[in-house]
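A.B. asks: Below is the file run26.cif, which contains mmCIF, C-alpha atoms and all ligand atoms.
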data_target
loop_
_atom_site.label_atom_id
_atom_site.label_comp_id
_atom_site.auth_asym_id
_atom_site.auth_seq_id
_atom_site.Cartn_x
_atom_site.Cartn_y
_atom_site.Cartn_z
CA MET A 1 81.68 34.12 64.07
CA ASN A 2 81.85 37.78 65.04
CA ILE A 3 81.71 40.08 61.98
CA LEU A 4 82.25 43.85 62.00
CA VAL A 5 81.20 45.84 58.92
CA ILE A 6 82.65 49.36 58.80
CA GLY A 7 80.68 51.82 56.66
CA ALA A 8 76.89 51.92 56.70
CA GLY A 9 76.11 52.90 53.11
CA ALA A 10 74.05 50.75 50.76
CA TRP A 11 76.60 47.98 50.27
CA GLY A 12 77.99 47.73 53.79
CA THR A 13 74.43 47.56 55.12
CA ALA A 14 73.35 44.95 52.56
CA MET A 15 76.32 42.70 53.34
CA ALA A 16 75.72 43.09 57.07
CA ILE A 17 72.08 42.04 56.56
CA SER A 18 73.22 39.10 54.44
CA ALA A 19 75.69 37.86 57.08
CA ALA A 20 73.17 38.38 59.90
CA THR A 21 70.56 36.22 58.16
CA HIS A 22 73.00 33.34 57.64
CA PRO A 23 71.51 30.08 59.00
CA ASP A 24 74.65 29.42 61.10
CA LYS A 25 74.39 31.95 63.90
CA ARG A 26 76.61 35.01 63.42
CA SER A 27 76.97 38.13 65.48
CA VAL A 28 77.11 41.04 63.06
CA ARG A 29 77.84 44.66 63.95
CA LEU A 30 77.45 47.48 61.45
CA TRP A 31 79.57 50.51 62.37
CA ALA A 32 78.45 53.94 61.14
CA ARG A 33 80.76 56.94 61.50
CA ASP A 34 77.78 59.28 61.76
CA GLU A 35 76.37 58.79 65.28
CA ALA A 36 73.04 60.42 64.44
CA GLN A 37 72.60 58.03 61.52
CA ALA A 38 73.49 55.12 63.80
CA ARG A 39 70.85 56.20 66.37
CA GLN A 40 68.26 56.50 63.61
CA MET A 41 69.08 53.01 62.31
CA GLN A 42 68.92 51.61 65.86
CA ALA A 43 65.47 53.17 66.36
CA GLU A 44 64.05 52.20 62.96
CA ARG A 45 65.85 48.82 62.61
CA ALA A 46 66.45 49.83 58.98
CA ASN A 47 68.79 52.08 56.98
CA SER A 48 66.20 54.46 55.57
CA ARG A 49 68.80 56.73 53.96
CA TYR A 50 70.62 54.11 51.89
CA LEU A 51 68.36 51.02 51.79
CA ALA A 52 64.82 52.19 52.51
CA GLY A 53 62.13 49.67 53.35
CA ILE A 54 64.38 46.72 54.28
CA ALA A 55 64.12 45.60 57.92
CA PHE A 56 67.23 44.55 59.84
CA PRO A 57 67.39 40.94 61.07
CA ASP A 58 67.66 40.42 64.85
CA ALA A 59 71.32 39.35 64.69
CA LEU A 60 72.37 42.74 63.24
CA GLN A 61 73.48 45.33 65.75
CA VAL A 62 74.21 48.94 64.72
CA VAL A 63 77.16 50.54 66.50
CA SER A 64 79.07 53.81 66.37
CA GLY A 65 81.79 55.66 68.32
CA ASP A 66 85.03 53.88 69.38
CA VAL A 67 85.62 51.65 66.37
CA MET A 68 88.92 50.18 67.59
CA ALA A 69 87.12 48.63 70.59
CA GLN A 70 84.75 46.97 68.11
CA VAL A 71 87.69 45.83 65.98
CA GLN A 72 89.27 44.00 68.95
CA GLU A 73 86.22 41.73 69.26
CA ALA A 74 85.83 40.88 65.56
CA ASP A 75 86.90 37.65 63.82
CA LEU A 76 86.42 39.34 60.43
CA ILE A 77 86.46 43.04 59.56
CA VAL A 78 84.66 44.09 56.39
CA LEU A 79 85.35 47.57 54.99
CA GLY A 80 82.16 48.78 53.30
CA THR A 81 83.37 52.30 52.52
CA PRO A 82 84.07 53.77 49.09
CA MET A 83 87.58 53.48 47.61
CA ALA A 84 88.41 57.02 48.73
CA ALA A 85 88.33 55.96 52.40
CA LEU A 86 90.21 52.67 52.00
CA ARG A 87 93.76 53.93 52.53
CA GLN A 88 92.95 55.71 55.80
CA TRP A 89 91.14 52.63 57.15
CA LEU A 90 93.95 50.23 56.23
CA ILE A 91 96.42 52.51 58.00
CA ARG A 92 94.21 52.45 61.09
CA LEU A 93 93.77 48.69 60.95
CA GLN A 94 97.37 47.80 60.01
CA ASP A 95 98.07 45.96 63.30
CA CYS A 96 94.79 44.11 63.35
CA ARG A 97 95.10 40.37 64.05
CA SER A 98 91.85 39.37 62.35
CA PRO A 99 91.48 39.40 58.55
CA VAL A 100 90.38 42.66 56.91
CA VAL A 101 88.52 42.59 53.60
CA TRP A 102 87.14 45.37 51.43
CA LEU A 103 84.03 45.67 49.29
CA CYS A 104 84.96 48.80 47.31
CA LYS A 105 85.41 48.60 43.54
CA GLY A 106 87.74 51.13 42.06
CA PHE A 107 91.25 52.45 41.60
CA GLU A 108 92.48 55.34 43.73
CA ALA A 109 91.60 58.66 42.10
CA VAL A 110 94.17 61.02 40.56
CA ALA A 111 93.53 64.74 40.20
CA ALA A 112 92.97 66.13 36.69
CA ASP A 113 96.05 68.34 37.13
CA ALA A 114 98.31 65.59 38.56
CA PRO A 115 101.77 65.43 36.92
CA ALA A 116 101.97 63.17 33.86
CA GLY A 117 102.78 59.58 34.79
CA SER A 118 101.27 59.78 38.28
CA HIS A 119 98.61 57.18 38.99
CA GLY A 120 96.53 55.70 41.77
CA LEU A 121 96.59 52.17 43.09
CA MET A 122 94.27 49.19 43.24
CA ALA A 123 92.96 48.30 46.70
CA HIS A 124 95.34 45.37 47.27
CA GLU A 125 98.28 47.57 46.20
CA VAL A 126 97.24 50.19 48.75
CA CYS A 127 97.16 47.41 51.35
CA GLN A 128 100.62 46.15 50.35
CA GLN A 129 101.91 49.71 50.69
CA VAL A 130 100.40 50.70 54.05
CA ALA A 131 99.55 47.44 55.83
CA PRO A 132 101.57 44.60 54.25
CA GLN A 133 101.29 42.39 57.33
CA LEU A 134 97.47 42.32 57.27
CA ARG A 135 95.69 39.15 56.22
CA SER A 136 93.43 40.78 53.66
CA GLY A 137 91.24 40.26 50.62
CA ALA A 138 88.42 41.56 48.46
CA LEU A 139 84.83 40.55 47.97
CA SER A 140 83.48 41.44 44.53
CA GLY A 141 81.12 40.31 41.77
CA PRO A 142 77.71 41.18 40.31
CA SER A 143 75.62 42.36 43.24
CA PHE A 144 73.21 45.24 43.61
CA ALA A 145 72.84 46.10 47.29
CA ALA A 146 69.03 46.24 47.26
CA GLU A 147 68.78 42.70 45.85
CA VAL A 148 71.29 41.26 48.33
CA ALA A 149 69.48 42.94 51.22
CA ARG A 150 66.21 41.37 50.04
CA GLN A 151 67.89 37.94 49.99
CA GLN A 152 67.63 37.60 46.21
CA PRO A 153 70.05 35.01 44.78
CA THR A 154 73.55 36.40 44.20
CA ALA A 155 77.01 35.00 43.47
CA LEU A 156 80.20 36.72 44.63
CA VAL A 157 83.91 36.11 44.39
CA ALA A 158 86.30 36.17 47.35
CA ALA A 159 89.81 37.12 46.24
CA SER A 160 92.86 36.89 48.41
CA ALA A 161 96.47 35.80 48.31
CA HIS A 162 95.77 34.20 51.73
CA LYS A 163 93.83 30.96 51.37
CA ASP A 164 92.51 31.15 54.94
CA VAL A 165 91.04 34.60 54.23
CA SER A 166 89.05 33.48 51.18
CA GLU A 167 87.91 30.43 53.16
CA LEU A 168 86.76 32.66 55.99
CA LEU A 169 84.85 34.85 53.53
CA VAL A 170 83.16 31.81 52.04
CA SER A 171 82.11 30.58 55.47
CA ALA A 172 80.94 34.07 56.53
CA PHE A 173 78.72 34.80 53.54
CA HIS A 174 78.04 31.60 51.56
CA GLY A 175 74.44 30.67 52.38
CA GLU A 176 70.98 29.99 51.00
CA ALA A 177 70.75 33.19 48.94
CA MET A 178 74.43 33.78 48.29
CA ARG A 179 77.15 31.69 46.68
CA VAL A 180 80.74 32.76 47.26
CA TYR A 181 83.49 31.44 45.00
CA ALA A 182 87.17 31.76 45.92
CA ASN A 183 89.69 33.15 43.41
CA GLU A 184 93.40 33.73 44.01
CA ASP A 185 93.65 36.28 41.20
CA ILE A 186 93.09 39.49 43.14
CA VAL A 187 94.54 41.62 40.32
CA GLY A 188 91.95 40.28 37.88
CA VAL A 189 89.12 40.63 40.37
CA GLU A 190 90.02 44.24 41.18
CA VAL A 191 90.61 45.29 37.57
CA GLY A 192 87.21 43.84 36.64
CA GLY A 193 85.43 45.58 39.52
CA ALA A 194 86.97 48.95 38.71
CA VAL A 195 86.80 48.96 34.92
CA LYS A 196 83.19 47.76 34.69
CA ASN A 197 82.13 50.96 36.48
CA VAL A 198 83.80 53.10 33.82
CA LEU A 199 82.20 51.01 31.06
CA ALA A 200 78.76 51.32 32.70
CA ILE A 201 79.03 55.10 32.39
CA ALA A 202 79.59 54.54 28.65
CA THR A 203 76.59 52.21 28.22
CA GLY A 204 74.39 54.58 30.25
CA LEU A 205 75.35 57.34 27.87
CA CYS A 206 74.74 55.10 24.85
CA ASP A 207 71.27 54.12 26.09
CA GLY A 208 70.45 57.68 27.17
CA LEU A 209 71.21 58.84 23.63
CA SER A 210 68.99 56.00 22.25
CA LEU A 211 71.81 54.61 20.15
CA GLY A 212 70.28 51.15 20.23
CA LEU A 213 70.90 47.65 21.51
CA ASN A 214 73.55 46.89 18.86
CA ALA A 215 75.64 49.78 20.14
CA ARG A 216 75.24 48.66 23.75
CA ALA A 217 76.30 45.09 22.92
CA ALA A 218 79.31 46.48 21.05
CA LEU A 219 80.32 48.58 24.05
CA VAL A 220 79.98 45.67 26.47
CA THR A 221 81.98 43.33 24.22
CA ARG A 222 84.73 45.77 23.29
CA GLY A 223 84.72 46.95 26.89
CA LEU A 224 85.37 43.41 28.07
CA ALA A 225 88.26 43.24 25.59
CA GLU A 226 89.87 46.41 26.93
CA MET A 227 89.30 45.38 30.56
CA THR A 228 90.97 42.03 29.83
CA ARG A 229 93.94 43.66 28.02
CA LEU A 230 94.61 45.92 30.99
CA GLY A 231 94.21 43.14 33.53
CA VAL A 232 96.54 40.75 31.72
CA ALA A 233 99.17 43.51 31.34
CA LEU A 234 98.95 44.09 35.10
CA GLY A 235 99.42 40.38 35.85
CA ALA A 236 95.86 39.00 35.95
CA ARG A 237 94.63 35.72 34.47
CA VAL A 238 92.45 35.91 31.32
CA GLU A 239 89.88 33.47 32.78
CA THR A 240 89.08 35.82 35.65
CA PHE A 241 87.52 38.23 33.13
CA MET A 242 85.10 35.50 31.99
CA GLY A 243 83.97 35.12 35.60
CA LEU A 244 81.78 36.91 38.13
CA SER A 245 83.97 39.94 38.69
CA GLY A 246 84.59 40.42 34.94
CA LEU A 247 81.86 39.60 32.45
CA GLY A 248 79.34 39.01 35.26
CA ASP A 249 79.67 42.40 36.90
CA LEU A 250 80.10 44.17 33.56
CA VAL A 251 76.80 42.81 32.21
CA LEU A 252 74.99 43.62 35.46
CA THR A 253 76.29 47.15 35.84
CA ALA A 254 76.24 48.12 32.18
CA THR A 255 72.62 47.00 31.67
CA GLY A 256 70.98 47.11 35.12
CA ASP A 257 69.07 50.27 35.97
CA LEU A 258 69.98 49.92 39.66
CA SER A 259 73.56 50.89 38.75
CA ARG A 260 74.71 54.33 39.85
CA ASN A 261 77.51 54.37 37.27
CA ARG A 262 75.09 53.60 34.46
CA LYS A 263 72.85 56.35 35.86
CA VAL A 264 75.70 58.87 35.57
CA GLY A 265 75.86 58.09 31.82
CA LEU A 266 72.07 58.37 31.48
CA LEU A 267 72.07 61.74 33.27
CA LEU A 268 74.95 63.08 31.13
CA ALA A 269 72.98 62.07 28.05
CA GLU A 270 70.03 64.11 29.38
CA GLY A 271 72.28 67.17 29.41
CA LYS A 272 73.07 67.23 33.15
CA THR A 273 76.53 68.39 34.17
CA LEU A 274 78.80 65.87 35.87
CA GLU A 275 78.34 67.68 39.17
CA GLN A 276 74.53 67.58 38.84
CA ALA A 277 74.66 63.88 37.93
CA VAL A 278 76.92 62.93 40.83
CA THR A 279 75.00 65.00 43.39
CA SER A 280 71.62 63.67 42.37
CA LEU A 281 72.69 60.03 42.96
CA GLY A 282 73.07 60.31 46.73
CA HIS A 283 75.52 57.37 46.52
CA VAL A 284 79.07 56.98 45.28
CA ALA A 285 79.63 56.16 41.56
CA GLU A 286 83.20 54.89 41.62
CA GLY A 287 83.70 55.01 37.84
CA VAL A 288 83.74 58.81 37.99
CA TYR A 289 86.77 58.75 40.32
CA SER A 290 88.56 55.70 38.88
CA ALA A 291 88.36 56.41 35.15
CA ARG A 292 91.40 58.67 34.95
CA THR A 293 93.52 56.21 36.95
CA VAL A 294 92.42 53.28 34.81
CA LEU A 295 93.58 55.20 31.75
CA ALA A 296 96.86 56.26 33.37
CA ARG A 297 97.63 52.66 34.34
CA ALA A 298 96.76 51.50 30.82
CA ARG A 299 99.09 54.04 29.24
CA GLN A 300 101.84 53.07 31.63
CA VAL A 301 101.71 49.44 30.45
CA GLY A 302 101.09 50.33 26.79
CA VAL A 303 97.48 49.12 26.62
CA GLU A 304 94.86 50.83 24.43
CA MET A 305 91.51 51.52 26.12
CA PRO A 306 89.48 53.61 23.66
CA ILE A 307 86.15 53.41 25.54
CA THR A 308 87.78 54.40 28.83
CA GLU A 309 89.63 57.18 27.02
CA THR A 310 86.33 58.51 25.69
CA VAL A 311 84.72 58.38 29.14
CA VAL A 312 87.66 60.26 30.66
CA ALA A 313 87.45 62.95 27.95
CA LEU A 314 83.71 63.30 28.69
CA LEU A 315 84.16 63.47 32.46
CA ASP A 316 86.97 66.01 32.07
CA GLY A 317 84.71 68.15 29.84
CA GLN A 318 87.02 67.76 26.84
CA LEU A 319 84.46 65.98 24.66
CA PRO A 320 80.80 66.96 24.27
CA VAL A 321 78.34 64.13 24.98
CA THR A 322 77.06 64.20 21.40
CA GLU A 323 80.54 63.67 19.95
CA ALA A 324 81.48 60.71 22.13
CA VAL A 325 80.10 58.11 19.75
CA GLN A 326 81.66 59.65 16.63
CA HIS A 327 84.93 59.60 18.58
CA LEU A 328 84.68 55.82 18.95
CA MET A 329 83.27 55.11 15.49
CA ALA A 330 85.96 57.18 13.77
CA ARG A 331 88.73 54.82 14.88
CA ASP A 332 90.65 53.04 12.12
CA PRO A 333 89.51 49.51 11.28
CA ARG A 334 91.38 46.71 13.06
CA GLY A 335 91.14 42.96 13.70
CA GLU A 336 88.87 41.80 16.51
N1 LIG B 401 75.78 49.60 46.23
C1 LIG B 401 76.09 48.49 45.61
O1 LIG B 401 75.20 47.84 45.04
C2 LIG B 401 77.49 48.01 45.58
C3 LIG B 401 78.57 48.81 45.91
N2 LIG B 401 79.84 48.33 45.84
C4 LIG B 401 80.98 49.16 46.19
O2 LIG B 401 80.97 49.38 47.61
C5 LIG B 401 81.53 50.66 47.90
C6 LIG B 401 80.55 51.44 48.77
O3 LIG B 401 79.38 51.63 47.98
P1 LIG B 401 77.97 52.01 48.60
O4 LIG B 401 77.80 51.44 49.96
O5 LIG B 401 76.97 51.65 47.59
O6 LIG B 401 78.11 53.58 48.70
P2 LIG B 401 77.11 54.60 49.39
O7 LIG B 401 77.35 55.91 48.72
O8 LIG B 401 75.74 54.03 49.44
O9 LIG B 401 77.64 54.68 50.91
C7 LIG B 401 78.95 55.00 51.24
C8 LIG B 401 79.04 54.93 52.76
O10 LIG B 401 80.40 55.02 53.14
C9 LIG B 401 80.46 55.90 54.26
N3 LIG B 401 81.81 56.45 54.32
C10 LIG B 401 82.41 57.27 53.45
N4 LIG B 401 83.65 57.57 53.91
C11 LIG B 401 83.81 56.90 55.07
C12 LIG B 401 84.85 56.80 56.01
N5 LIG B 401 85.99 57.46 55.85
N6 LIG B 401 84.66 56.02 57.11
C13 LIG B 401 83.51 55.35 57.29
N7 LIG B 401 82.47 55.42 56.44
C14 LIG B 401 82.63 56.18 55.34
C15 LIG B 401 79.40 56.95 53.97
O11 LIG B 401 79.06 57.63 55.16
C16 LIG B 401 78.29 56.06 53.45
O12 LIG B 401 77.57 55.53 54.53
C17 LIG B 401 81.84 51.32 46.55
O13 LIG B 401 83.19 51.13 46.26
C18 LIG B 401 80.97 50.55 45.57
O14 LIG B 401 81.53 50.53 44.27
C19 LIG B 401 80.10 47.05 45.48
C20 LIG B 401 79.08 46.20 45.16
C21 LIG B 401 77.70 46.61 45.17
O1 LIG B 402 79.06 47.08 41.83
C1 LIG B 402 77.87 47.08 41.65
C2 LIG B 402 77.13 45.91 41.18
O2 LIG B 402 77.92 44.76 41.21
C3 LIG B 402 77.11 48.34 41.84
O3 LIG B 402 77.29 49.14 40.73
P1 LIG B 402 77.04 50.71 40.82
O4 LIG B 402 78.07 51.23 41.78
O5 LIG B 402 77.17 51.21 39.44
O6 LIG B 402 75.65 50.87 41.36
#
For the file at hand, write its structure as structure tokens.

C.D. replies:
Amino acid sequence: MNILVIGAGAWGTAMAISAATHPDKRSVRLWARDEAQARQMQAERANSRYLAGIAFPDALQVVSGDVMAQVQEADLIVLGTPMAALRQWLIRLQDCRSPVVWLCKGFEAVAADAPAGSHGLMAHEVCQQVAPQLRSGALSGPSFAAEVARQQPTALVAASAHKDVSELLVSAFHGEAMRVYANEDIVGVEVGGAVKNVLAIATGLCDGLSLGLNARAALVTRGLAEMTRLGVALGARVETFMGLSGLGDLVLTATGDLSRNRKVGLLLAEGKTLEQAVTSLGHVAEGVYSARTVLARARQVGVEMPITETVVALLDGQLPVTEAVQHLMARDPRGE
């Protein structure tokens, strides 16, 4: 199988390493848009900017330049870019004959001053809009790039409306260190992947303010409830939220110190501005860009998401960090 990964950040690189170490021989190319970065990776046989200290396997080739020539030769195209670049890539790849899958977890961003009622889309909705003929899907689930790149055991979920696409994803990545489960519920998988990032900002804040383990467990549990409410209202299945891309990724991201979204919350608790927090990461934290859209979509379908609402107020500078918890605790009592 010939796999092309587009986007050489932490996650694209980790998944390219994972596919290239698969016991069944694969040819894996990792395409970087920055030619200087590609040359450096070729020389060092590592991605020192995004995944320092992890050597590339022999079957991984780093490429740059004319991407469409690379696309022609691929049996599977994996988009490893952030959500913000997804739309432009799907437009470029709309006539592609091979399946295209994405790794990004988020909803399209909306500007703070966007007209009321405007909202961004989930990745599969963007695909339906700009490239409906593509055979496409998403790969998601609890997975820190550094652990996947070091071949530490990981389980992912392959979501697609096309059975042959999820089967291809399973055969591309399922191996000794990685299990890949298929799931037809792409709405549930994408809602889980996007909302857990927003909730991880909240738990980072909670832990940074030393509010305790009880508070963190409450945020994770009530966060799962609001994620599930939104997903079901958008057409997802409840069970998906008990799976890898729901509870699994929420627990990982909300409690794991490798998470960039959690780190944003920790940095805000330290008194950093949002800009300082985001700049210091050196990687994308999708929750920062998705939170407003998650809330807009929730309001549109009449779903309450108090934790997300609090995170949005914080990110928009409408609520001081120290008042965020009182904001949540002051809510009227209700049934669980
Ligand atoms: N890092 C992780 O552990 C995981 C990340 N993800 C998701 O994967 C996505 C990417 O995350 P990371 O790789 O960690 O981000 P990153 O910040 O480490 O790297 C992003 C990469 O995308 C490239 N890029 C940006 N715009 C591009 C464009 N238009 N064309 C081509 N390349 C472009 C950047 O140059 C950079 O190499 C995010 O949506 C993230 O939520 C999902 C699972 C795990
Ligand atoms: O999606 C991830 C783990 O599954 C990575 O989370 P962060 O983007 O918060 O690092």

A.B. asks: How many Å separate atom O11 of ligand LIG 401 (chain B) from atom CA of A:Thr13?

C.D. replies: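 Straight-line distance from atom O11 of ligand LIG 401 (chain B) to atom CA of A:Thr13 works out to 11.1 Å.
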
A.B. asks: Once you count all atoms listed in the file, which residues end up within 6 Å of ligand LIG 401 (chain B), and could you hand them over as a VMD selection string?

C.D. replies: chain A and resid 7 to 12 33 50 80 to 83 85 103 to 105 143 to 145 283 to 284 286

A.B. asks: Go ahead and dump the residues you just picked, C-alpha atoms, as a PDB file, keeping the file's coordinate frame.

C.D. replies:
ATOM      1  CA  GLY A   7      80.680  51.820  56.660  1.00  0.00           C
ATOM      2  CA  ALA A   8      76.890  51.920  56.700  1.00  0.00           C
ATOM      3  CA  GLY A   9      76.110  52.900  53.110  1.00  0.00           C
ATOM      4  CA  ALA A  10      74.050  50.750  50.760  1.00  0.00           C
ATOM      5  CA  TRP A  11      76.600  47.980  50.270  1.00  0.00           C
ATOM      6  CA  GLY A  12      77.990  47.730  53.790  1.00  0.00           C
ATOM      7  CA  ARG A  33      80.760  56.940  61.500  1.00  0.00           C
ATOM      8  CA  TYR A  50      70.620  54.110  51.890  1.00  0.00           C
ATOM      9  CA  GLY A  80      82.160  48.780  53.300  1.00  0.00           C
ATOM     10  CA  THR A  81      83.370  52.300  52.520  1.00  0.00           C
ATOM     11  CA  PRO A  82      84.070  53.770  49.090  1.00  0.00           C
ATOM     12  CA  MET A  83      87.580  53.480  47.610  1.00  0.00           C
ATOM     13  CA  ALA A  85      88.330  55.960  52.400  1.00  0.00           C
ATOM     14  CA  LEU A 103      84.030  45.670  49.290  1.00  0.00           C
ATOM     15  CA  CYS A 104      84.960  48.800  47.310  1.00  0.00           C
ATOM     16  CA  LYS A 105      85.410  48.600  43.540  1.00  0.00           C
ATOM     17  CA  SER A 143      75.620  42.360  43.240  1.00  0.00           C
ATOM     18  CA  PHE A 144      73.210  45.240  43.610  1.00  0.00           C
ATOM     19  CA  ALA A 145      72.840  46.100  47.290  1.00  0.00           C
ATOM     20  CA  HIS A 283      75.520  57.370  46.520  1.00  0.00           C
ATOM     21  CA  VAL A 284      79.070  56.980  45.280  1.00  0.00           C
ATOM     22  CA  GLU A 286      83.200  54.890  41.620  1.00  0.00           C
TER      23      GLU A 286
END

A.B. asks: Need the shell around stretch 259-276 of chain A: protein/DNA/RNA residues with any atom at most 6 Å away, counting only C-alpha atoms. Skip same-chain ones fewer than 6 positions apart. Format as a PDB file with C-alpha atoms, in the coordinates of the input?

C.D. replies:
ATOM      1  CA  ASN A 197      82.130  50.960  36.480  1.00  0.00           C
ATOM      2  CA  ALA A 200      78.760  51.320  32.700  1.00  0.00           C
ATOM      3  CA  ILE A 201      79.030  55.100  32.390  1.00  0.00           C
ATOM      4  CA  GLY A 204      74.390  54.580  30.250  1.00  0.00           C
ATOM      5  CA  LEU A 205      75.350  57.340  27.870  1.00  0.00           C
ATOM      6  CA  GLY A 208      70.450  57.680  27.170  1.00  0.00           C
ATOM      7  CA  LEU A 209      71.210  58.840  23.630  1.00  0.00           C
ATOM      8  CA  THR A 253      76.290  47.150  35.840  1.00  0.00           C
ATOM      9  CA  ALA A 285      79.630  56.160  41.560  1.00  0.00           C
TER      10      ALA A 285
END

A.B. asks: Separation of atom CA of A:Thr228 and atom CA of A:Ala159, in Å?

C.D. replies: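 Distance between the two atoms: 17.2 Å.
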
A.B. asks: Calculated over all atoms listed in the file, which of the candidates A:Val101, A:Ala16, A:Ala161, A:Met1 has the smallest distance to A:Ala55?

C.D. replies: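 Of the candidates, the smallest distance to A:Ala55 is held by A:Ala16.
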
A.B. asks: Restricting the calculation to all atoms listed in the file, which member of A:Arg92, A:Arg216, A:Arg334, A:Arg179 is positioned closest to A:Gln152?

C.D. replies: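 With all atoms listed in the file as the atom set, the closest residue is A:Arg179.
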
A.B. asks: I want to know what sits within 9 Å of A:Met227, based on all atoms listed in the file, with residues of the same chain fewer than 2 positions away left out; could you give that as number ranges by chain?

C.D. replies: A: 191-192, 195-196, 222-225, 229-232, 241, 246, 305

A.B. asks: Just save stretch 254-294 of chain A with C-alpha atoms, as an mmCIF file, in the first residue's frame.

C.D. replies:
data_model
loop_
_atom_site.group_PDB
_atom_site.id
_atom_site.type_symbol
_atom_site.label_atom_id
_atom_site.label_comp_id
_atom_site.auth_asym_id
_atom_site.auth_seq_id
_atom_site.Cartn_x
_atom_site.Cartn_y
_atom_site.Cartn_z
ATOM 1 C CA ALA A 254 -8.347 16.341 30.100
ATOM 2 C CA THR A 255 -5.858 14.604 32.411
ATOM 3 C CA GLY A 256 -2.720 13.966 30.312
ATOM 4 C CA ASP A 257 0.025 16.560 30.576
ATOM 5 C CA LEU A 258 1.052 15.964 26.950
ATOM 6 C CA SER A 259 -2.162 17.722 25.870
ATOM 7 C CA ARG A 260 -1.766 21.164 24.338
ATOM 8 C CA ASN A 261 -5.393 22.066 25.091
ATOM 9 C CA ARG A 262 -4.974 21.175 28.747
ATOM 10 C CA LYS A 263 -1.768 23.236 28.719
ATOM 11 C CA VAL A 264 -3.705 26.294 27.490
ATOM 12 C CA GLY A 265 -5.909 26.013 30.608
ATOM 13 C CA LEU A 266 -2.866 25.578 32.870
ATOM 14 C CA LEU A 267 -1.187 28.645 31.342
ATOM 15 C CA LEU A 268 -4.351 30.772 31.674
ATOM 16 C CA ALA A 269 -4.497 29.763 35.335
ATOM 17 C CA GLU A 270 -0.904 31.005 35.722
ATOM 18 C CA GLY A 271 -2.051 34.419 34.535
ATOM 19 C CA LYS A 272 -0.803 34.195 30.925
ATOM 20 C CA THR A 273 -2.906 35.884 28.262
ATOM 21 C CA LEU A 274 -4.517 33.676 25.629
ATOM 22 C CA GLU A 275 -2.042 34.956 23.053
ATOM 23 C CA GLN A 276 0.931 34.148 25.305
ATOM 24 C CA ALA A 277 -0.492 30.683 26.014
ATOM 25 C CA VAL A 278 -1.127 29.860 22.362
ATOM 26 C CA THR A 279 2.244 31.188 21.172
ATOM 27 C CA SER A 280 4.228 29.339 23.794
ATOM 28 C CA LEU A 281 2.800 25.948 22.737
ATOM 29 C CA GLY A 282 4.451 25.843 19.312
ATOM 30 C CA HIS A 283 1.626 23.493 18.224
ATOM 31 C CA VAL A 284 -2.042 23.966 17.436
ATOM 32 C CA ALA A 285 -4.574 23.719 20.328
ATOM 33 C CA GLU A 286 -7.806 23.178 18.422
ATOM 34 C CA GLY A 287 -10.101 23.848 21.400
ATOM 35 C CA VAL A 288 -9.183 27.534 21.251
ATOM 36 C CA TYR A 289 -10.539 27.803 17.689
ATOM 37 C CA SER A 290 -13.462 25.360 17.987
ATOM 38 C CA ALA A 291 -15.011 26.455 21.280
ATOM 39 C CA ARG A 292 -17.118 29.281 19.871
ATOM 40 C CA THR A 293 -18.436 27.070 17.061
ATOM 41 C CA VAL A 294 -19.279 24.253 19.460
#
